[in-house]
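Asks: Pasting a structure below so you can have a look.
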Amino acid sequence: MNLKTSWKNQLWPLRVLRIWLGVTWIYAGWDKASDPGFLTSGSPTFIGTQLSAYATSSPVGFAINKMLEHSTQIGIFVMLSEFAIGAATLLWIAPTWAALGGFAMSLSLWLASSWHVKPYFLASDSAYTILWLSYFLFLYGSRRKSNIALDRRGFLRVSTVAAIAIAGAEVGKLFPKSSAAAVATGANSTVKKIVKDAAFKVGATQTFVSKAGTPAILFRTKTGVFAYSAVCTHEGCTVQFNSASKHLQCGCHGAVFDPFSGAKVLAGPANAPLAKIKIATEGAWIVEA
């Protein structure tokens with residue numbers, strides 16, 4: 001079935017669904033491609049930073065933590081996949097497989113980033129999971145021919161999708177977002193409550209998600225309270241506090257940091273201390289300033 005016929009033969013509700021899903025996935029790829037920080041380690045919008053934040057509340061956090069050392073490669077794969085799935089959906093190139101890919105991606109995002117959202121219908125990932133699943137089941141059930149023949153025409157159609165994905169990622173770099181800095185500044189202008197001061201005793205630690213969306217850890221000693229980002233400065237994995245050694249340790253490559261001495265590196269491949277997070281006490285609360 002060619003492109004024109006595919007649109008003509010589909011019912012209007014399916015056309016609307018196809019347009020919405022296809023355009024949204026292309027826009028999602030563009031949003032990442034035009035973000036200078038998405039593939040830049042240390043940026044608030046770095047894919048590794050996002051994955052670290054997801055791992056703190058996701059039911060599959062153990063799997064996400066294992067992926068952190070390959071954050072950049074995962075970011076590139078996700079970005080290209082979004083462009084490819086969106087383009088294939090709109091151009092009717094292996095549409096059933098594209099719908100299955102959209103479903104798998106939405107389900108993964110639901111489990112990773114928005115599983116904890118209550119009530120569940122406020123999480124857009126859950127809605128996209130059902131939309132893609134419904135579209136896939138319709139295409140599969142209708143037995144429409146969607147396989148790509150291993151001939152010259154099929155090769156060219158698949159190559160077209162790949163070319164669109166790569167071109168979209170490259171063109172996006174030419175139009176970087178100009179609002180990223182403003183958004184970050186705006187986020188830092190408000191305080192974030194972490195824990196009640198009276199409940200946080202000397203010697204205690206508290207993990208939390210910072211305003212930047214990254215995992216962080218709070219400490220209290222006799223001299224005061226302080227906090228650091230829990231994102232390892234080596235490959236972006238999440239560090240954990242070892243109460244026996246009193247150190248912050250990275251489970252990916254063995255980096256060790258001393259939280260009581262500026263989070264300096266004690267061992268491992270990291271060459272920079274953990275980022276410090278500004279903490280203050282306001283009323284009854286310890287907050288991120």
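Ordered as shown in the structure tokens, chains take letters A, B, and onward, while each chain numbers its residues from 1 and ligands are numbered from 1 in the order shown.
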For the alpha helix (DSSP H) assignment from backbone DSSP, which residues of segment 85-252 of chain A qualify? Please present them as an mmCIF file with C-alpha atoms, in the first residue's frame.
Replies:
```
data_model
loop_
_atom_site.group_PDB
_atom_site.id
_atom_site.type_symbol
_atom_site.label_atom_id
_atom_site.label_comp_id
_atom_site.auth_asym_id
_atom_site.auth_seq_id
_atom_site.Cartn_x
_atom_site.Cartn_y
_atom_site.Cartn_z
ATOM 1 C CA ILE A 85 9.083 6.066 14.583
ATOM 2 C CA GLY A 86 7.363 9.382 13.895
ATOM 3 C CA ALA A 87 8.473 9.487 10.259
ATOM 4 C CA ALA A 88 7.608 5.824 9.622
ATOM 5 C CA THR A 89 4.146 6.341 11.098
ATOM 6 C CA LEU A 90 3.376 9.346 8.913
ATOM 7 C CA LEU A 91 4.949 7.901 5.744
ATOM 8 C CA PRO A 95 3.680 1.086 10.241
ATOM 9 C CA THR A 96 2.962 -1.966 12.398
ATOM 10 C CA TRP A 97 6.568 -2.197 13.530
ATOM 11 C CA ALA A 98 6.650 1.569 14.088
ATOM 12 C CA ALA A 99 3.540 1.326 16.273
ATOM 13 C CA LEU A 100 5.105 -1.518 18.243
ATOM 14 C CA GLY A 101 8.234 0.609 18.713
ATOM 15 C CA GLY A 102 6.136 3.550 19.903
ATOM 16 C CA PHE A 103 4.350 1.301 22.390
ATOM 17 C CA ALA A 104 7.635 -0.128 23.718
ATOM 18 C CA MET A 105 9.138 3.350 24.102
ATOM 19 C CA SER A 106 6.059 4.741 25.884
ATOM 20 C CA LEU A 107 5.890 1.758 28.219
ATOM 21 C CA SER A 108 9.575 2.167 29.049
ATOM 22 C CA LEU A 109 9.109 5.870 29.797
ATOM 23 C CA SER A 124 1.061 11.309 29.867
ATOM 24 C CA ASP A 125 3.338 8.304 29.286
ATOM 25 C CA SER A 126 0.543 5.978 30.397
ATOM 26 C CA ALA A 127 -1.841 7.565 27.889
ATOM 27 C CA TYR A 128 0.690 7.269 25.043
ATOM 28 C CA THR A 129 1.306 3.632 25.969
ATOM 29 C CA ILE A 130 -2.391 2.845 25.471
ATOM 30 C CA LEU A 131 -2.650 4.975 22.301
ATOM 31 C CA TRP A 132 0.274 3.207 20.653
ATOM 32 C CA LEU A 133 -0.944 -0.210 21.811
ATOM 33 C CA SER A 134 -4.405 0.443 20.389
ATOM 34 C CA TYR A 135 -2.966 1.622 17.075
ATOM 35 C CA PHE A 136 -0.640 -1.399 16.909
ATOM 36 C CA LEU A 137 -3.447 -3.857 17.654
ATOM 37 C CA PHE A 138 -5.597 -2.299 14.932
ATOM 38 C CA LEU A 139 -2.831 -2.529 12.336
ATOM 39 C CA TYR A 140 -1.900 -6.046 13.352
ATOM 40 C CA GLY A 141 -5.507 -7.223 13.517
ATOM 41 C CA SER A 142 -6.439 -5.713 10.176
ATOM 42 C CA ARG A 152 15.323 -2.192 -3.880
ATOM 43 C CA ARG A 153 12.100 -0.344 -3.100
ATOM 44 C CA GLY A 154 11.930 -1.676 0.445
ATOM 45 C CA PHE A 155 15.553 -0.778 1.057
ATOM 46 C CA LEU A 156 14.958 2.769 -0.181
ATOM 47 C CA ARG A 157 11.904 3.209 2.054
ATOM 48 C CA VAL A 158 13.752 2.041 5.151
ATOM 49 C CA SER A 159 16.746 4.170 4.179
ATOM 50 C CA THR A 160 14.426 7.172 3.910
ATOM 51 C CA VAL A 161 13.329 6.757 7.518
ATOM 52 C CA ALA A 162 16.939 6.389 8.679
ATOM 53 C CA ALA A 163 17.971 9.468 6.704
ATOM 54 C CA ILE A 164 15.116 11.521 8.189
ATOM 55 C CA ALA A 165 16.116 10.478 11.715
ATOM 56 C CA ILE A 166 19.775 11.368 11.228
ATOM 57 C CA ALA A 167 18.986 14.604 9.395
ATOM 58 C CA GLY A 168 16.534 15.654 12.106
ATOM 59 C CA ALA A 169 19.147 15.086 14.808
ATOM 60 C CA GLU A 170 21.777 17.078 12.902
ATOM 61 C CA VAL A 171 19.476 19.960 11.941
ATOM 62 C CA GLY A 172 18.249 20.228 15.530
ATOM 63 C CA LYS A 173 21.796 21.106 16.600
ATOM 64 C CA ALA A 180 17.132 26.513 28.521
ATOM 65 C CA ALA A 181 19.117 28.959 30.661
ATOM 66 C CA ALA A 182 16.003 30.934 31.561
ATOM 67 C CA VAL A 183 14.183 27.796 32.648
ATOM 68 C CA ALA A 184 17.107 26.731 34.810
ATOM 69 C CA THR A 185 17.305 30.173 36.386
ATOM 70 C CA GLY A 186 13.598 30.143 37.085
ATOM 71 C CA ALA A 187 13.841 26.741 38.755
#
```
Asks: Which residue is closest to Asn65 of chain A? Choose from A:Ala112, A:Gly224, A:Glu82, A:Leu274 and count only C-alpha atoms.
Replies: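 Between A:Ala112, A:Gly224, A:Glu82, A:Leu274, the residue approaching Asn65 of chain A most closely is A:Ala112.
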Asks: Quick one: of A:Gly283, A:Thr233, A:Ser113, A:Thr56, who's nearest to Thr207 of chain A, counting only C-alpha atoms?
Replies: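 With only C-alpha atoms as the atom set, the closest residue is A:Thr56.
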Asks: Give me the residues near Ala270 of chain A as a ChimeraX atom specification, where near means some atom within 12 Å (using only C-alpha atoms) and where sequence neighbours in that chain fewer than 6 positions away do not count.
Replies: /A:231-237,239,249-250,252-257,263-264
Asks: As a list in words, please: the residues near Ser229 of chain A (cut-off 9 Å, only C-alpha atoms, same-chain neighbours under 2 positions excluded).
Replies: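 So the residues in contact are Ser210, Thr214, Pro215, Ala216, Ile217, Ala227, Val231, Cys232, Thr238, Val239, Leu274, Ala275, Lys276 and Ile277 of chain A.
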Asks: Which residues come within 12 Å of Ser245 of chain A, counting only C-alpha atoms, excluding same-chain residues fewer than 5 positions away, as a VMD selection string?
Replies: chain A and resid 240 256 to 260 266
Asks: With N, CA and C atoms retained, could you export that selection as a CSV table (one decimal), in the first residue's frame?
Replies:
```csv
chain,number,residue,atom,x,y,z
A,240,GLN,N,26.0,6.0,46.2
A,240,GLN,CA,25.2,5.7,47.5
A,240,GLN,C,26.1,5.9,48.7
A,256,VAL,N,34.9,6.7,44.6
A,256,VAL,CA,34.7,6.9,46.0
A,256,VAL,C,34.9,8.4,46.4
A,257,PHE,N,33.9,9.0,47.1
A,257,PHE,CA,34.0,10.4,47.5
A,257,PHE,C,33.8,10.6,49.0
A,258,ASP,N,34.4,11.6,49.5
A,258,ASP,CA,34.4,11.9,50.9
A,258,ASP,C,33.4,13.1,51.2
A,259,PRO,N,32.2,12.8,51.6
A,259,PRO,CA,31.2,13.8,51.8
A,259,PRO,C,31.5,14.8,52.9
A,260,PHE,N,32.5,14.5,53.8
A,260,PHE,CA,32.8,15.3,54.9
A,260,PHE,C,34.1,16.1,54.6
A,266,LEU,N,38.3,10.1,46.4
A,266,LEU,CA,39.2,9.3,47.2
A,266,LEU,C,39.8,8.2,46.4
```
Asks: Using only C-alpha atoms, which residue out of A:Val195, A:Leu111, A:His247, A:Leu17 lies closest to Ile286 of chain A?
Replies: A:Val195
Asks: I need the residue nearest Ala198 of chain A from this list: A:Val225, A:Asn242, A:Ser6, A:Trp285. Use only C-alpha atoms for the distance.
Replies: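 Ranking A:Val225, A:Asn242, A:Ser6, A:Trp285 by distance to Ala198 of chain A, first place goes to A:Trp285.
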Asks: Could you tell me which of A:Gln73, A:Ile93, A:Phe46, A:Ala55 comes closest to Ser114 of chain A if we count only C-alpha atoms?
Replies: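 Checking each of A:Gln73, A:Ile93, A:Phe46, A:Ala55 against Ser114 of chain A, counting only C-alpha atoms, the winner is A:Ala55.
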